[in-house]
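The data block below is query11.txt; it holds compact mmCIF, C-alpha atoms and all ligand atoms.
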```
# COMPACT_ATOMS: atom_id res chain seq x y z
CA MET M 1 20.22 101.54 85.64
CA ILE M 2 18.16 99.25 83.37
CA GLU M 3 20.33 97.20 81.01
CA PRO M 4 19.49 97.67 77.35
CA VAL M 5 18.35 94.50 75.59
CA ILE M 6 19.71 95.80 72.29
CA GLU M 7 22.83 97.86 71.90
CA VAL M 8 24.07 98.82 68.46
CA THR M 9 27.21 100.86 67.82
CA GLN M 10 28.26 102.20 64.43
CA LEU M 11 26.58 99.34 62.62
CA THR M 12 27.36 99.42 58.91
CA HIS M 13 26.23 97.04 56.20
CA GLN M 14 26.95 96.99 52.51
CA TYR M 15 25.39 94.79 49.85
CA ASN M 16 27.85 94.43 46.95
CA GLY M 17 29.66 97.61 47.97
CA HIS M 18 26.43 99.60 48.30
CA ALA M 19 25.82 100.96 51.83
CA ALA M 20 22.42 99.88 53.16
CA LEU M 21 23.30 100.94 56.73
CA ASP M 22 25.83 103.57 57.65
CA GLN M 23 27.13 103.86 61.23
CA LEU M 24 23.84 103.14 62.97
CA SER M 25 23.90 103.49 66.79
CA PHE M 26 20.98 103.09 69.19
CA SER M 27 19.82 101.05 72.16
CA ALA M 28 16.51 99.56 73.28
CA GLN M 29 15.41 99.00 76.89
CA LYS M 30 13.44 96.01 78.10
CA GLY M 31 9.65 96.38 77.96
CA THR M 32 9.58 99.22 75.46
CA VAL M 33 8.37 99.57 71.89
CA VAL M 34 11.12 101.01 69.69
CA GLY M 35 10.22 102.17 66.20
CA LEU M 36 12.44 102.16 63.13
CA LEU M 37 10.92 104.65 60.72
CA GLY M 38 11.94 105.68 57.27
CA PRO M 39 11.06 105.60 53.59
CA ASN M 40 11.57 102.55 51.33
CA GLY M 41 15.17 101.47 51.27
CA ALA M 42 16.05 103.27 54.53
CA GLY M 43 17.59 100.11 56.01
CA LYS M 44 14.90 98.94 58.45
CA THR M 45 14.69 95.34 57.25
CA THR M 46 18.47 95.07 57.01
CA THR M 47 18.70 96.18 60.65
CA VAL M 48 16.22 93.47 61.74
CA ARG M 49 18.14 90.81 59.80
CA LEU M 50 21.47 91.85 61.31
CA LEU M 51 20.02 91.98 64.83
CA ASN M 52 18.80 88.41 64.40
CA GLY M 53 22.15 87.22 63.11
CA LEU M 54 20.97 86.24 59.63
CA PHE M 55 24.25 87.58 58.25
CA PRO M 56 27.18 89.48 59.75
CA PRO M 57 27.54 93.26 59.40
CA THR M 58 30.28 94.82 57.30
CA SER M 59 31.44 96.62 60.47
CA GLY M 60 30.21 97.83 63.85
CA GLN M 61 29.11 96.19 67.09
CA MET M 62 25.81 94.70 68.26
CA ARG M 63 24.67 93.06 71.50
CA VAL M 64 21.19 91.57 71.59
CA LEU M 65 20.07 89.99 74.90
CA GLY M 66 23.77 89.76 75.71
CA PHE M 67 24.55 87.76 72.54
CA ASP M 68 26.63 88.72 69.54
CA PRO M 69 24.12 88.05 66.73
CA ALA M 70 26.85 87.48 64.14
CA ARG M 71 28.38 84.61 66.15
CA GLN M 72 25.49 83.37 68.32
CA GLY M 73 22.57 83.72 65.92
CA GLY M 74 21.05 80.31 66.69
CA GLU M 75 20.94 80.83 70.45
CA LEU M 76 19.66 84.36 69.98
CA ARG M 77 16.87 83.38 67.59
CA ARG M 78 15.49 80.95 70.18
CA ARG M 79 14.77 84.08 72.26
CA THR M 80 13.45 86.39 69.56
CA GLY M 81 10.36 86.37 67.36
CA VAL M 82 10.19 87.92 63.91
CA LEU M 83 7.22 88.93 61.80
CA THR M 84 8.57 89.55 58.31
CA GLU M 85 6.96 91.74 55.67
CA THR M 86 5.58 88.66 53.96
CA PRO M 87 4.69 86.27 56.77
CA ALA M 88 4.77 82.60 55.86
CA LEU M 89 1.67 80.66 56.87
CA TYR M 90 0.32 77.49 55.35
CA GLU M 91 -2.94 78.51 53.72
CA ARG M 92 -4.27 74.95 53.51
CA LEU M 93 -3.72 74.27 57.18
CA THR M 94 -5.89 75.60 59.99
CA ALA M 95 -4.64 78.23 62.45
CA ARG M 96 -4.19 75.54 65.09
CA GLN M 97 -2.26 73.29 62.68
CA ASN M 98 -0.02 76.21 61.64
CA LEU M 99 0.79 77.00 65.26
CA ALA M 100 1.39 73.32 66.01
CA PHE M 101 3.75 72.98 63.06
CA PHE M 102 5.80 76.11 63.79
CA GLY M 103 5.74 75.42 67.55
CA THR M 104 7.27 71.99 66.94
CA LEU M 105 9.95 73.64 64.76
CA CYS M 106 10.71 75.96 67.71
CA GLY M 107 11.43 72.87 69.79
CA LEU M 108 8.28 72.87 71.95
CA SER M 109 6.95 69.49 73.13
CA ALA M 110 3.53 68.28 71.93
CA ALA M 111 1.93 69.28 75.25
CA GLU M 112 3.62 72.70 75.25
CA VAL M 113 2.60 73.32 71.64
CA SER M 114 -1.02 72.55 72.30
CA ALA M 115 -1.20 74.74 75.45
CA ARG M 116 0.69 77.63 73.87
CA ALA M 117 -1.39 77.48 70.67
CA GLN M 118 -4.60 77.65 72.69
CA GLU M 119 -3.28 80.58 74.72
CA LEU M 120 -2.35 82.49 71.57
CA LEU M 121 -5.59 81.67 69.76
CA ASP M 122 -7.46 83.12 72.74
CA PHE M 123 -5.23 86.19 73.03
CA PHE M 124 -5.54 86.96 69.31
CA GLU M 125 -9.29 86.25 69.27
CA LEU M 126 -8.98 83.44 66.74
CA ARG M 127 -10.49 80.72 68.89
CA GLU M 128 -13.79 80.50 67.05
CA ARG M 129 -12.04 80.02 63.71
CA ALA M 130 -9.05 78.03 64.98
CA ASN M 131 -10.06 74.90 63.05
CA ASP M 132 -10.77 76.63 59.73
CA ARG M 133 -8.21 76.73 56.95
CA VAL M 134 -6.15 79.92 56.85
CA GLN M 135 -7.14 80.49 53.20
CA THR M 136 -10.64 81.38 54.42
CA TYR M 137 -9.33 84.12 56.78
CA SER M 138 -9.46 87.88 56.27
CA LYS M 139 -6.13 89.72 55.90
CA GLY M 140 -6.44 91.03 59.46
CA MET M 141 -6.97 87.51 60.85
CA LYS M 142 -3.97 86.22 58.90
CA GLN M 143 -1.83 89.01 60.29
CA ARG M 144 -2.96 88.27 63.85
CA LEU M 145 -2.10 84.63 63.31
CA ALA M 146 1.31 85.59 61.88
CA ILE M 147 2.05 87.64 65.01
CA ALA M 148 0.87 84.71 67.15
CA ARG M 149 3.31 82.52 65.24
CA ALA M 150 6.16 84.93 66.04
CA LEU M 151 5.23 84.72 69.73
CA LEU M 152 5.17 80.91 70.00
CA ASN M 153 8.57 80.67 71.71
CA ARG M 154 7.72 83.47 74.21
CA PRO M 155 10.39 85.71 72.72
CA GLN M 156 12.04 88.36 74.85
CA ILE M 157 12.22 90.61 71.79
CA LEU M 158 9.58 90.68 69.07
CA PHE M 159 10.56 92.21 65.71
CA LEU M 160 7.61 93.37 63.62
CA ASP M 161 8.26 94.48 60.04
CA GLU M 162 5.30 96.53 58.79
CA PRO M 163 2.70 94.65 60.88
CA THR M 164 -0.30 96.61 59.58
CA SER M 165 0.62 97.05 55.93
CA GLY M 166 -2.43 96.36 53.78
CA LEU M 167 -4.84 96.16 56.73
CA ASP M 168 -7.99 98.25 56.98
CA PRO M 169 -8.31 100.78 59.86
CA GLU M 170 -10.24 98.37 62.12
CA ALA M 171 -7.78 95.52 61.66
CA SER M 172 -4.85 97.94 62.12
CA GLN M 173 -6.33 99.23 65.35
CA GLN M 174 -6.72 95.69 66.62
CA VAL M 175 -3.06 94.93 65.84
CA HIS M 176 -2.03 98.18 67.59
CA GLU M 177 -3.90 97.16 70.72
CA LEU M 178 -2.26 93.74 70.64
CA ILE M 179 1.22 95.25 70.33
CA ALA M 180 0.56 97.58 73.30
CA ASN M 181 -0.75 94.58 75.30
CA ILE M 182 2.31 92.48 74.46
CA ARG M 183 4.53 95.19 75.93
CA ASP M 184 2.34 96.01 78.93
CA GLN M 185 1.34 92.49 79.99
CA ASP M 186 4.44 90.51 79.21
CA GLY M 187 7.16 93.17 79.44
CA GLN M 188 8.45 92.15 76.03
CA THR M 189 10.52 94.50 73.93
CA VAL M 190 9.07 95.23 70.51
CA ILE M 191 11.05 96.55 67.55
CA LEU M 192 8.55 97.98 65.12
CA CYS M 193 9.55 98.81 61.54
CA THR M 194 6.93 100.99 59.97
CA HIS M 195 6.11 103.62 57.37
CA ASN M 196 3.00 104.47 59.31
CA LEU M 197 3.73 107.55 61.41
CA PHE M 198 0.37 107.46 63.17
CA GLU M 199 1.16 103.90 64.26
CA ALA M 200 4.62 104.93 65.49
CA GLU M 201 3.26 107.94 67.37
CA ARG M 202 0.66 105.79 69.03
CA LEU M 203 2.89 102.88 70.02
CA CYS M 204 6.57 103.76 70.22
CA ASP M 205 8.35 104.78 73.41
CA LYS M 206 11.44 105.63 71.37
CA MET M 207 12.00 105.83 67.65
CA GLY M 208 14.83 106.05 65.19
CA ILE M 209 14.27 108.00 61.99
CA LEU M 210 16.29 106.55 59.12
CA ASN M 211 17.06 107.69 55.62
CA ARG M 212 19.23 105.76 53.16
CA GLY M 213 20.91 103.82 55.93
CA ARG M 214 21.66 106.81 58.14
CA LEU M 215 20.00 107.44 61.48
CA LEU M 216 18.80 111.05 61.39
CA ASP M 217 17.83 111.00 65.07
CA PHE M 218 16.68 108.68 67.84
CA GLY M 219 14.54 109.42 70.89
CA SER M 220 11.03 109.72 72.29
CA LEU M 221 8.58 111.95 70.45
CA THR M 222 9.02 114.57 73.20
CA GLU M 223 12.80 114.49 72.78
CA LEU M 224 12.55 114.67 68.98
CA ARG M 225 10.14 117.59 69.24
CA GLN M 226 12.44 119.44 71.64
CA ARG M 227 15.41 118.97 69.33
CA HIS M 228 13.79 119.71 66.00
CA ALA M 229 10.71 121.79 66.71
CA PRO M 230 11.31 123.54 70.05
CA GLY M 231 8.60 125.67 71.62
CA LEU M 232 4.91 125.16 72.16
CA TRP M 233 2.09 126.61 70.08
CA LEU M 234 -1.10 127.67 71.86
CA GLN M 235 -4.37 128.49 70.22
CA VAL M 236 -6.11 131.20 72.25
CA ARG M 237 -9.74 132.10 71.61
CA PHE M 238 -11.19 135.28 73.08
CA TYR M 239 -14.79 136.06 74.03
CA GLN M 240 -16.32 138.93 72.03
CA SER M 241 -13.07 140.84 71.44
CA ALA M 242 -9.36 140.13 71.35
CA PRO M 243 -6.95 142.42 73.25
CA ALA M 244 -5.52 145.30 71.26
CA ALA M 245 -2.03 144.02 71.96
CA ILE M 246 -0.69 140.67 73.10
CA PRO M 247 1.48 141.30 76.18
CA SER M 248 5.17 140.75 75.64
CA ILE M 249 6.17 138.36 78.37
CA SER M 250 9.56 136.71 78.39
CA GLY M 251 9.23 133.36 76.68
CA LEU M 252 6.68 134.47 74.07
CA MET M 253 8.36 133.66 70.77
CA GLU M 254 5.72 134.44 68.13
CA ALA M 255 2.17 135.72 67.90
CA VAL M 256 0.02 135.15 64.83
CA MET M 257 -3.57 136.39 64.47
CA GLU M 258 -5.76 133.67 62.93
CA ASN M 259 -8.96 135.70 62.89
CA GLU M 260 -10.56 138.48 64.93
CA LEU M 261 -11.06 136.33 68.01
CA THR M 262 -8.33 133.69 67.64
CA TRP M 263 -4.56 133.98 68.02
CA ARG M 264 -1.78 131.41 67.80
CA LEU M 265 0.99 132.10 70.27
CA LYS M 266 4.31 130.29 70.41
CA VAL M 267 5.94 130.09 73.83
CA SER M 268 9.30 128.63 74.79
CA GLU M 269 7.85 126.17 77.32
CA GLU M 270 4.72 125.28 79.29
CA ALA M 271 5.99 127.07 82.39
CA VAL M 272 5.48 130.44 80.66
CA VAL M 273 1.76 129.91 80.08
CA PRO M 274 0.37 130.98 83.52
CA ALA M 275 2.22 134.35 83.36
CA LEU M 276 0.91 134.91 79.84
CA VAL M 277 -2.67 134.19 80.89
CA SER M 278 -2.40 136.48 83.97
CA GLN M 279 -1.02 139.34 81.92
CA MET M 280 -3.67 139.02 79.25
CA ALA M 281 -6.42 138.88 81.90
CA ALA M 282 -4.91 141.93 83.68
CA SER M 283 -5.05 143.84 80.39
CA GLY M 284 -8.78 143.11 80.16
CA ALA M 285 -8.73 140.18 77.72
CA GLN M 286 -11.57 137.67 78.12
CA ILE M 287 -10.04 134.30 77.35
CA LEU M 288 -12.56 131.72 76.21
CA SER M 289 -10.14 128.85 75.67
CA LEU M 290 -6.45 128.09 75.43
CA GLN M 291 -5.40 124.95 73.65
CA PRO M 292 -1.79 123.68 73.47
CA GLN M 293 -1.07 122.31 69.99
CA SER M 294 1.62 119.67 70.03
CA LEU M 295 3.51 118.98 66.84
CA SER M 296 2.75 115.54 65.52
CA LEU M 297 5.41 112.96 64.73
CA GLU M 298 4.59 113.62 61.08
CA ASP M 299 5.68 117.28 61.45
CA VAL M 300 8.97 116.25 63.09
CA TYR M 301 9.55 113.39 60.63
CA PHE M 302 9.19 115.55 57.54
CA LYS M 303 11.31 118.29 59.06
CA LEU M 304 14.11 115.76 59.49
CA GLN M 305 13.64 114.07 56.11
CA ASN M 306 13.45 117.40 54.26
CA ALA M 307 16.53 118.74 56.06
CA GLN M 308 18.34 115.58 54.95
CA LYS M 309 17.20 116.10 51.34
CA GLU M 310 18.39 119.70 51.38
CA GLY M 311 21.74 118.57 52.77
CA VAL M 312 21.33 120.56 55.99
CA GLN M 313 21.95 117.49 58.18
N1 LIG E 1 19.64 91.26 49.55
C1 LIG E 1 19.97 92.48 49.09
N2 LIG E 1 20.87 92.65 48.12
C2 LIG E 1 21.21 93.86 47.66
N3 LIG E 1 20.70 95.03 48.14
C3 LIG E 1 19.79 94.92 49.12
C4 LIG E 1 19.37 93.66 49.65
N4 LIG E 1 18.44 93.88 50.63
C5 LIG E 1 18.29 95.22 50.69
N5 LIG E 1 19.09 95.85 49.80
C6 LIG E 1 19.22 97.32 49.62
O1 LIG E 1 19.58 97.88 50.87
C7 LIG E 1 18.90 99.10 51.10
C8 LIG E 1 18.09 99.00 52.40
O2 LIG E 1 17.03 98.05 52.20
P1 LIG E 1 16.04 97.58 53.36
O3 LIG E 1 15.18 96.50 52.79
O4 LIG E 1 16.83 97.27 54.56
O5 LIG E 1 15.21 98.91 53.59
P2 LIG E 1 13.78 99.10 54.29
O6 LIG E 1 13.89 100.36 55.07
O7 LIG E 1 13.37 97.87 55.02
O8 LIG E 1 12.85 99.32 53.04
P3 LIG E 1 11.29 98.90 52.82
O9 LIG E 1 10.51 99.85 53.66
O10 LIG E 1 11.11 99.13 51.37
O11 LIG E 1 11.15 97.48 53.22
C9 LIG E 1 18.06 99.36 49.88
O12 LIG E 1 18.79 100.21 49.02
C10 LIG E 1 17.91 97.97 49.25
O13 LIG E 1 17.75 98.06 47.86
```
Final structure tokens representation of the file:
Amino acid sequence: MIEPVIEVTQLTHQYNGHAALDQLSFSAQKGTVVGLLGPNGAGKTTTVRLLNGLFPPTSGQMRVLGFDPARQGGELRRRTGVLTETPALYERLTARQNLAFFGTLCGLSAAEVSARAQELLDFFELRERANDRVQTYSKGMKQRLAIARALLNRPQILFLDEPTSGLDPEASQQVHELIANIRDQDGQTVILCTHNLFEAERLCDKMGILNRGRLLDFGSLTELRQRHAPGLWLQVRFYQSAPAAIPSISGLMEAVMENELTWRLKVSEEAVVPALVSQMAASGAQILSLQPQSLSLEDVYFKLQNAQKEGVQ
């Protein structure tokens, strides 16, 4: 079995008696992207701070890369990289000078700093502008440089807090590709805090959905869908005419007519689909197309958040 790089059990944190995190439990495996999703104030940033040992939790247990962050924060932080919501870069220095400065702070030698900076400038496509002051960069370039800064020490875990906030779609897409590359090429674990559900759906292998410090659920999108929105919707389009009746096979949960030639059918699982198609064809139906319609993360997310609001959870 693969050892988790992060293991959190019943983690609770209060600021001045106010609970920011309440009994949070989850784990993250090496080489995966794990998302922490939730509205403002859900507890995402607090989780990142606790996992990096910036302060101890009120209660609960954590292991990160085998360390106890509350007691071994310094050792742990040499092996993690953090991009905060407001990344600190020196605007009057160039990208290369910024990387050199922060690399030296990480304890890299002059030769290591220069080689690593060059590697990162290439990877983040900043080479051409490496000797220009950061104040002349676009927001997307600054964000790429900030992620490069977080990667200087070759961290085993990279924490990214809202890495695409304020970026335009092109710059966001570029950052998404970089995050996927970081996981795929270097086998690093990425903890991604985000409000952006499209980003989470695209990048995360597993995700935790938080609300006011409570974890509403944790899993892959497939697992979350199975738990909170079971079944599979199919859109079926017929050629010229729809059948008078949709056959009642076992596993067909709902049938809704969209228009004369289009039906939406909900089945319990994919395995039921071939029998449904055969029965419809046997009854003379001419099927033009059949399109499975997966629920998006957004559908699942709002189902969970709304259930929480209504006190169902
Ligand atoms: N230093 C602090 N002192 C007091 N309360 C705090 C502090 N930091 C965070 N909180 C509170 O803890 C709760 C969780 O905040 P946190 O910043 O962890 O949430 P978040 O999910 O990262 O939110 P956002 O998406 O807005 O960054 C909020 O109610 C917040 O007001």
Mind checking which residues fall within 7 Å of segment 286-299 of chain M, counting only C-alpha atoms, ignoring those fewer than 3 positions away in the same chain, and posting them as a PDB file with C-alpha atoms, keeping the file's coordinate frame?
```
ATOM      1  CA  LEU M 197       3.730 107.550  61.410  1.00  0.00           C
ATOM      2  CA  GLU M 201       3.260 107.940  67.370  1.00  0.00           C
ATOM      3  CA  LEU M 221       8.580 111.950  70.450  1.00  0.00           C
ATOM      4  CA  LEU M 232       4.910 125.160  72.160  1.00  0.00           C
ATOM      5  CA  TRP M 233       2.090 126.610  70.080  1.00  0.00           C
ATOM      6  CA  LEU M 234      -1.100 127.670  71.860  1.00  0.00           C
ATOM      7  CA  GLN M 235      -4.370 128.490  70.220  1.00  0.00           C
ATOM      8  CA  VAL M 236      -6.110 131.200  72.250  1.00  0.00           C
ATOM      9  CA  ARG M 237      -9.740 132.100  71.610  1.00  0.00           C
ATOM     10  CA  PHE M 238     -11.190 135.280  73.080  1.00  0.00           C
ATOM     11  CA  TYR M 239     -14.790 136.060  74.030  1.00  0.00           C
ATOM     12  CA  ALA M 281      -6.420 138.880  81.900  1.00  0.00           C
ATOM     13  CA  PHE M 302       9.190 115.550  57.540  1.00  0.00           C
ATOM     14  CA  LYS M 303      11.310 118.290  59.060  1.00  0.00           C
TER      15      LYS M 303
END
```
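For ligand LIG 1 (chain E), the set of protein, DNA and RNA residues within 7 Å, based on all atoms listed in the file, reads Tyr15, Asn16, Ala20, Gly38, Pro39, Asn40, Gly41, Ala42, Gly43, Lys44, Thr45, Thr46, Thr47, His195, Arg212 and Gly213 of chain M.
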Determine, counting all atoms listed in the file, which protein, DNA and RNA residues have an atom within 8 Å of an atom of segment 176-181 of chain M; residues of the same chain fewer than 6 positions away are not included. Present the result as number ranges by chain. M: 124, 190, 199, 203
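Residues with any atom within 9 Å of Phe159 of chain M, counting only C-alpha atoms and excluding same-chain neighbours fewer than 2 positions away, are M:Val48, M:Thr80, M:Gly81, M:Val82, M:Leu83, M:Thr84, M:Ala150, M:Ile157, M:Asp161, M:Thr189, M:Val190, M:Ile191, M:Leu192, M:Cys193.
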Atom CA of Thr58 of chain M to atom CA of Leu160 of chain M: how many Å, to one decimal? 23.6 Å
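Shortest separation to Thr12 of chain M among M:Gly166, M:Pro243, M:Gly60, M:Gly187 occurs at residue M:Gly60, atoms counted being only C-alpha atoms.
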Select from segment 44-102 of chain M every residue with an atom at most 10 Å from any atom of segment 3-8 of chain M, then for each give the shortest pair of atoms and their distance in Å to one decimal, using all atoms listed in the file, rows by chain and rising number, as a tab-separated table.
```
residue	atom	partner	partner_atom	distance
M:Thr47	CA	M:Val8	CA	9.8
M:Leu51	CA	M:Ile6	CA	8.4
M:Gly60	CA	M:Val8	CA	7.7
M:Gln61	CA	M:Val8	CA	5.8
M:Met62	CA	M:Val8	CA	4.5
M:Arg63	CA	M:Glu7	CA	5.2
M:Val64	CA	M:Ile6	CA	4.5
M:Leu65	CA	M:Val5	CA	4.9
M:Gly66	CA	M:Val5	CA	7.2
M:Phe67	CA	M:Ile6	CA	9.4
```
Straight-line distance linking atom CA of Ser278 of chain M with atom CA of Ala244 of chain M, stated in Å to one decimal: 15.8 Å
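Each of M:Gly231, M:Pro274, M:Gly251, M:Pro163 was compared to Ala148 of chain M using all atoms listed in the file, and M:Pro163 turns out to be the nearest.
Among the candidates M:Leu145, M:Leu224, M:Ala229, M:Met280, the one nearest to Ile249 of chain M when counting all atoms listed in the file is M:Met280.
Comparing M:Met207, M:Leu265, M:Leu215, M:Ile182 by their smallest distance to Gln23 of chain M, the closest is M:Leu215 (using only C-alpha atoms).
Take atom CA of Ser138 of chain M and atom CA of Gln156 of chain M: the distance between them is 28.4 Å.
Distance check against Pro69 of chain M using all atoms listed in the file: of M:Pro57, M:Gly219, M:Gly31, M:Gly284, the minimum falls on M:Pro57.
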What would the list of residues within 12 Å of (6.5, 72.6, 70.8) (file frame) look like as a ChimeraX atom specification, if all atoms listed in the file are what count? /M:97-117,149,152-154
Could you take the residues named above and write them with C-alpha atoms, as a tab-separated table (two decimals), keeping the file's coordinate frame?
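To be explicit, this is the file written out as again10.tsv:
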```tsv
chain	number	residue	atom	x	y	z
M	97	GLN	CA	-2.26	73.29	62.68
M	98	ASN	CA	-0.02	76.21	61.64
M	99	LEU	CA	0.79	77.00	65.26
M	100	ALA	CA	1.39	73.32	66.01
M	101	PHE	CA	3.75	72.98	63.06
M	102	PHE	CA	5.80	76.11	63.79
M	103	GLY	CA	5.74	75.42	67.55
M	104	THR	CA	7.27	71.99	66.94
M	105	LEU	CA	9.95	73.64	64.76
M	106	CYS	CA	10.71	75.96	67.71
M	107	GLY	CA	11.43	72.87	69.79
M	108	LEU	CA	8.28	72.87	71.95
M	109	SER	CA	6.95	69.49	73.13
M	110	ALA	CA	3.53	68.28	71.93
M	111	ALA	CA	1.93	69.28	75.25
M	112	GLU	CA	3.62	72.70	75.25
M	113	VAL	CA	2.60	73.32	71.64
M	114	SER	CA	-1.02	72.55	72.30
M	115	ALA	CA	-1.20	74.74	75.45
M	116	ARG	CA	0.69	77.63	73.87
M	117	ALA	CA	-1.39	77.48	70.67
M	149	ARG	CA	3.31	82.52	65.24
M	152	LEU	CA	5.17	80.91	70.00
M	153	ASN	CA	8.57	80.67	71.71
M	154	ARG	CA	7.72	83.47	74.21
```
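Shortest atom-to-atom contact with Ser25 of chain M among M:Ala70, M:Leu11, M:Leu216, M:Ala271: M:Leu11, counting all atoms listed in the file.
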